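Visitor: Pasting run_9.cif here (mmCIF, C-alpha atoms and all ligand atoms):
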data_work
#
loop_
_atom_site.label_atom_id
_atom_site.label_comp_id
_atom_site.auth_asym_id
_atom_site.auth_seq_id
_atom_site.Cartn_x
_atom_site.Cartn_y
_atom_site.Cartn_z
CA MET A 13 99.07 66.40 112.87
CA GLN A 14 102.42 65.05 111.81
CA VAL A 15 103.52 65.94 108.30
CA SER A 16 104.70 62.87 106.38
CA SER A 17 107.50 62.92 103.82
CA ILE A 18 105.06 62.53 100.94
CA GLN A 19 103.09 65.54 102.25
CA ARG A 20 106.27 67.61 102.43
CA ARG A 21 107.26 66.61 98.90
CA LEU A 22 103.84 67.51 97.50
CA LEU A 23 104.04 71.07 98.88
CA THR A 24 106.25 72.09 95.96
CA GLU A 25 104.14 70.45 93.26
CA SER A 26 101.58 72.07 90.90
CA TYR A 27 98.66 70.17 92.40
CA ARG A 28 98.82 70.24 96.17
CA PRO A 29 96.81 68.18 98.60
CA LYS A 30 94.07 69.90 100.57
CA GLN A 31 94.31 69.78 104.33
CA LEU A 32 91.91 67.38 106.00
CA GLY A 33 90.59 70.25 108.12
CA TYR A 34 89.95 68.13 111.25
CA PRO A 35 91.89 65.49 113.18
CA TYR A 36 91.74 61.89 111.91
CA GLY A 37 89.70 60.87 114.94
CA ALA A 38 87.23 63.76 114.79
CA LEU A 39 84.46 61.75 113.14
CA GLU A 40 84.48 58.96 115.72
CA PRO A 41 82.50 56.95 116.53
CA HIS A 42 80.96 57.27 113.06
CA ILE A 43 84.17 56.91 111.05
CA ASP A 44 87.26 55.78 112.93
CA ALA A 45 90.66 57.49 113.07
CA GLU A 46 92.61 54.64 111.50
CA THR A 47 90.33 54.57 108.44
CA MET A 48 90.60 58.33 108.03
CA GLU A 49 94.37 58.38 108.45
CA ILE A 50 95.00 55.61 105.94
CA HIS A 51 92.42 57.03 103.57
CA TYR A 52 94.02 60.47 103.63
CA LYS A 53 97.71 59.60 103.83
CA GLN A 54 97.92 56.42 101.79
CA HIS A 55 95.15 56.72 99.24
CA TYR A 56 94.44 60.43 98.71
CA LEU A 57 98.06 61.58 98.74
CA LYS A 58 98.94 58.84 96.28
CA TYR A 59 96.37 60.18 93.80
CA VAL A 60 97.84 63.67 94.24
CA GLU A 61 101.34 62.36 93.65
CA SER A 62 100.32 60.41 90.54
CA LEU A 63 98.42 63.38 89.10
CA ASN A 64 101.47 65.62 89.45
CA HIS A 65 103.59 63.00 87.77
CA LEU A 66 101.16 62.66 84.86
CA LEU A 67 100.83 66.41 84.25
CA LYS A 68 104.47 67.32 84.82
CA GLY A 69 105.70 69.86 82.24
CA ARG A 70 102.21 70.87 81.12
CA LYS A 71 100.73 74.34 81.68
CA ARG A 72 98.89 74.36 84.98
CA GLN A 73 95.10 74.31 84.69
CA ASP A 74 92.49 74.07 87.39
CA LEU A 75 91.77 70.42 88.08
CA GLU A 76 88.02 70.98 87.76
CA ASP A 77 88.52 72.42 84.25
CA ILE A 78 90.73 69.50 83.28
CA LEU A 79 88.01 67.07 84.35
CA VAL A 80 85.18 68.97 82.65
CA ASN A 81 87.25 69.00 79.43
CA ILE A 82 88.79 65.56 79.82
CA GLN A 83 88.20 64.78 76.12
CA ARG A 84 90.72 67.47 75.17
CA LEU A 85 93.60 65.65 76.84
CA PRO A 86 95.99 63.63 74.67
CA ASP A 87 95.03 59.94 74.36
CA ALA A 88 98.27 58.94 76.05
CA ILE A 89 97.33 60.42 79.43
CA ARG A 90 93.53 60.77 79.35
CA LYS A 91 92.68 57.49 81.05
CA ASP A 92 95.22 57.96 83.84
CA VAL A 93 94.22 61.59 84.45
CA ASN A 94 90.59 60.48 84.56
CA PHE A 95 91.56 58.06 87.33
CA ASN A 96 94.06 60.07 89.35
CA GLY A 97 92.61 63.53 88.71
CA GLY A 98 89.18 62.18 89.53
CA GLY A 99 90.72 60.55 92.59
CA VAL A 100 92.05 63.90 93.79
CA ASP A 101 88.90 65.91 93.10
CA ASN A 102 86.53 63.26 94.45
CA HIS A 103 88.49 63.04 97.72
CA ASN A 104 88.75 66.83 97.98
CA ILE A 105 84.96 66.80 97.99
CA PHE A 106 84.55 63.73 100.18
CA PHE A 107 86.82 64.89 103.01
CA LYS A 108 85.08 68.26 103.01
CA ASN A 109 81.49 67.09 102.70
CA ILE A 110 81.82 65.28 105.99
CA LYS A 111 82.79 66.94 109.22
CA PRO A 112 82.32 66.46 112.94
CA GLY A 113 78.92 67.71 114.07
CA GLY A 114 77.69 68.86 110.67
CA PRO A 115 74.24 70.48 110.51
CA GLU A 116 71.36 67.99 110.58
CA ARG A 117 69.65 69.28 107.48
CA PRO A 118 70.58 71.15 104.33
CA PRO A 119 70.17 74.92 104.11
CA GLU A 120 66.82 76.00 102.71
CA LYS A 121 67.45 76.17 98.95
CA LEU A 122 69.05 72.72 98.84
CA TYR A 123 66.48 71.34 101.26
CA SER A 124 63.63 72.43 98.94
CA LEU A 125 65.29 70.83 95.92
CA ILE A 126 65.77 67.57 97.84
CA ARG A 127 62.20 67.62 99.11
CA ASP A 128 60.79 68.29 95.63
CA LYS A 129 62.90 65.60 93.98
CA PHE A 130 62.91 62.84 96.61
CA GLY A 131 59.96 63.63 98.86
CA GLY A 132 62.03 64.64 101.89
CA LEU A 133 65.39 64.19 103.55
CA THR A 134 64.75 60.69 104.93
CA LYS A 135 63.58 59.43 101.55
CA PHE A 136 66.59 61.05 99.94
CA LYS A 137 68.97 59.24 102.32
CA THR A 138 67.26 55.93 101.60
CA ALA A 139 67.45 56.49 97.84
CA PHE A 140 71.12 57.47 98.12
CA ARG A 141 71.89 54.39 100.21
CA ASP A 142 70.02 52.02 97.89
CA LEU A 143 71.84 53.34 94.83
CA ALA A 144 75.20 53.21 96.65
CA LEU A 145 74.58 49.57 97.56
CA GLU A 146 74.07 48.74 93.88
CA ILE A 147 77.63 49.75 93.01
CA GLN A 148 79.62 46.74 91.87
CA GLY A 149 83.33 46.94 92.61
CA SER A 150 84.86 50.31 93.41
CA GLY A 151 83.02 53.55 92.84
CA TRP A 152 81.21 56.57 94.18
CA CYS A 153 77.64 57.59 94.85
CA TRP A 154 76.75 61.24 94.29
CA LEU A 155 74.08 63.82 94.65
CA ALA A 156 74.89 65.89 91.59
CA GLN A 157 73.53 68.77 89.55
CA LYS A 158 73.06 69.15 85.80
CA ASP A 159 71.12 71.82 83.90
CA GLY A 160 69.88 73.22 87.19
CA LYS A 161 68.39 69.90 88.31
CA ILE A 162 69.66 67.55 91.02
CA ASP A 163 69.77 63.76 90.89
CA LEU A 164 71.57 60.71 92.22
CA ILE A 165 74.29 59.14 90.09
CA THR A 166 77.16 56.70 90.52
CA THR A 167 80.58 56.71 88.91
CA GLU A 168 82.93 53.77 88.59
CA ASN A 169 86.46 53.67 89.98
CA GLN A 170 87.64 57.29 90.39
CA THR A 171 85.71 58.81 87.49
CA SER A 172 84.55 62.31 88.35
CA PRO A 173 80.94 63.36 87.69
CA ARG A 174 82.46 66.46 86.05
CA THR A 175 83.67 64.34 83.11
CA ARG A 176 80.00 63.61 82.38
CA GLY A 177 78.70 67.14 82.71
CA TRP A 178 77.54 66.81 86.32
CA ILE A 179 78.50 69.08 89.19
CA PRO A 180 79.22 66.91 92.24
CA LEU A 181 77.41 68.17 95.34
CA LEU A 182 77.60 65.31 97.87
CA GLY A 183 79.89 62.34 97.32
CA CYS A 184 80.31 59.10 99.22
CA ASP A 185 83.35 56.91 98.61
CA LEU A 186 82.26 53.28 98.19
CA TRP A 187 85.73 51.84 97.71
CA GLU A 188 86.52 49.16 100.25
CA HIS A 189 89.36 51.30 101.64
CA ALA A 190 86.71 53.79 102.80
CA HIS A 191 84.93 51.34 105.10
CA TYR A 192 86.56 47.94 105.33
CA LEU A 193 88.70 48.41 108.46
CA GLN A 194 85.73 49.50 110.52
CA PHE A 195 82.65 48.05 108.87
CA LYS A 196 84.06 45.11 106.87
CA ASN A 197 81.49 44.32 104.19
CA ASP A 198 78.63 46.07 106.01
CA LYS A 199 78.24 48.97 103.62
CA LYS A 200 74.80 49.79 104.97
CA SER A 201 76.26 50.72 108.39
CA TYR A 202 79.02 52.68 106.70
CA LEU A 203 76.41 54.70 104.79
CA GLU A 204 74.44 55.32 107.97
CA SER A 205 77.59 56.61 109.65
CA PHE A 206 78.44 58.70 106.62
CA PHE A 207 75.10 60.48 106.87
CA LYS A 208 75.75 61.29 110.54
CA CYS A 209 78.76 63.33 109.43
CA VAL A 210 77.47 65.13 106.33
CA ASN A 211 78.44 68.77 106.18
CA TRP A 212 75.31 70.13 104.51
CA ASP A 213 76.65 73.69 104.39
CA ASP A 214 79.52 72.48 102.23
CA VAL A 215 77.14 70.53 99.98
CA ARG A 216 75.02 73.68 99.58
CA ASN A 217 78.11 75.70 98.68
CA ARG A 218 78.66 73.56 95.58
CA LEU A 219 75.09 74.02 94.36
CA VAL A 220 74.95 76.45 91.45
CA ASP A 221 71.90 78.73 91.81
MN MN A 301 88.94 56.80 98.76
#
So, in terms of structure tokens, how does the structure I just supplied come out?

Guide:
Amino acid sequence: MQVSSIQRRLLTESYRPKQLGYPYGALEPHIDAETMEIHYKQHYLKYVESLNHLLKGRKRQDLEDILVNIQRLPDAIRKDVNFNGGGVDNHNIFFKNIKPGGPERPPEKLYSLIRDKFGGLTKFKTAFRDLALEIQGSGWCWLAQKDGKIDLITTENQTSPRTRGWIPLLGCDLWEHAHYLQFKNDKKSYLESFFKCVNWDDVRNRLVD
């Protein structure tokens, strides 16, 4: 994969982009290479760049901790860190919780939680899709965990579930940039494709036992 100038520049910053981990075209035919390349290089890297700019000169803290404790940030930067920091963390999760040829079902512990809460994997996918389709404007749909329980939530724009006390487990990007090139306004097909790529092992790894 060719390294762009923005990628090279970000290598020396406090908050560095994660590698995609697979080629842009690896999720085809479910999610096409052009969408993935633009999503990663134009959108994700821009959030990383903006976050570094916002936090320049401050003591480095883990991004997850910053988001969990977002209320502690000065008023002057809180809103922009919520957006760009959320943008970085959400995409770190998104690009990892999909992968080519991911396992068809979640590992046992997560599978049981999903079955108990939603009545099975198929019903879970339908509930996730229906909630995702309710999002107005730009946002995210999540399977998330709080107080040991799992549930479906949405967040607007780039707000991270962590800022509301939720641990994000599985996240789907419902911004138009995530699907418009390939699916236009057919978000239902995008969500079906998304579920063909879910990396359930990665989702399980975020679950706190
Ligand atoms: Mn995105």

Visitor: Of the candidates A:Leu219, A:Ala38, A:Leu186, A:Leu32, which shows the shortest atom-to-atom distance to Lys108 (chain A), using only C-alpha atoms?

Guide: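 With only C-alpha atoms as the atom set, the closest residue is A:Leu32.
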
Visitor: Pick the closest to Pro118 (chain A) from A:Gln170, A:Asn217, A:Ser201, A:Gln157: which is it, counting only C-alpha atoms?

Guide: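 Of A:Gln170, A:Asn217, A:Ser201, A:Gln157, the one nearest Pro118 (chain A) is A:Asn217, counting only C-alpha atoms.
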
Visitor: Enumerate residues in contact with ligand MN 301 (chain A): an atom-to-atom distance of at most 7 Å, counting only C-alpha atoms and all ligand atoms. Format the result as a list of chain:residue names.

Guide: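 Listed by chain and ascending number, the contacts are A:His51, A:His55, A:Tyr56, A:His103, A:Asp185, A:Trp187, A:His189, A:Ala190.
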
Visitor: Pick the closest to Gln194 (chain A) from A:Ala45, A:Leu22, A:Ser17, A:Pro180: which is it, counting all atoms listed in the file?

Guide: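 The shortest atom-to-atom distance to Gln194 (chain A) comes from A:Ala45.
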
Visitor: Out of A:Trp178, A:Trp152, A:Phe130, A:Phe136, which residue has the shortest atom-to-atom distance to Gly99 (chain A) when counting all atoms listed in the file?

Guide: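 Among A:Trp178, A:Trp152, A:Phe130, A:Phe136, it is A:Trp152 that comes nearest to Gly99 (chain A).
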
Visitor: Measuring between only C-alpha atoms, which one of A:Ile78, A:Leu57, A:Leu122, A:Leu145 shows the shortest distance to Asp198 (chain A)?

Guide: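 Result for the nearest residue to Asp198 (chain A): A:Leu145.
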
Visitor: Counting all atoms listed in the file, which of A:Trp212, A:Tyr59, A:Phe107, A:Phe95 gets nearest to Pro35 (chain A)?

Guide: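 With all atoms listed in the file as the atom set, the closest residue is A:Phe107.
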
Visitor: Please compute the CA of Gln19 (chain A)-CA of Leu75 (chain A) distance, one decimal, in Å.

Guide: 18.8 Å
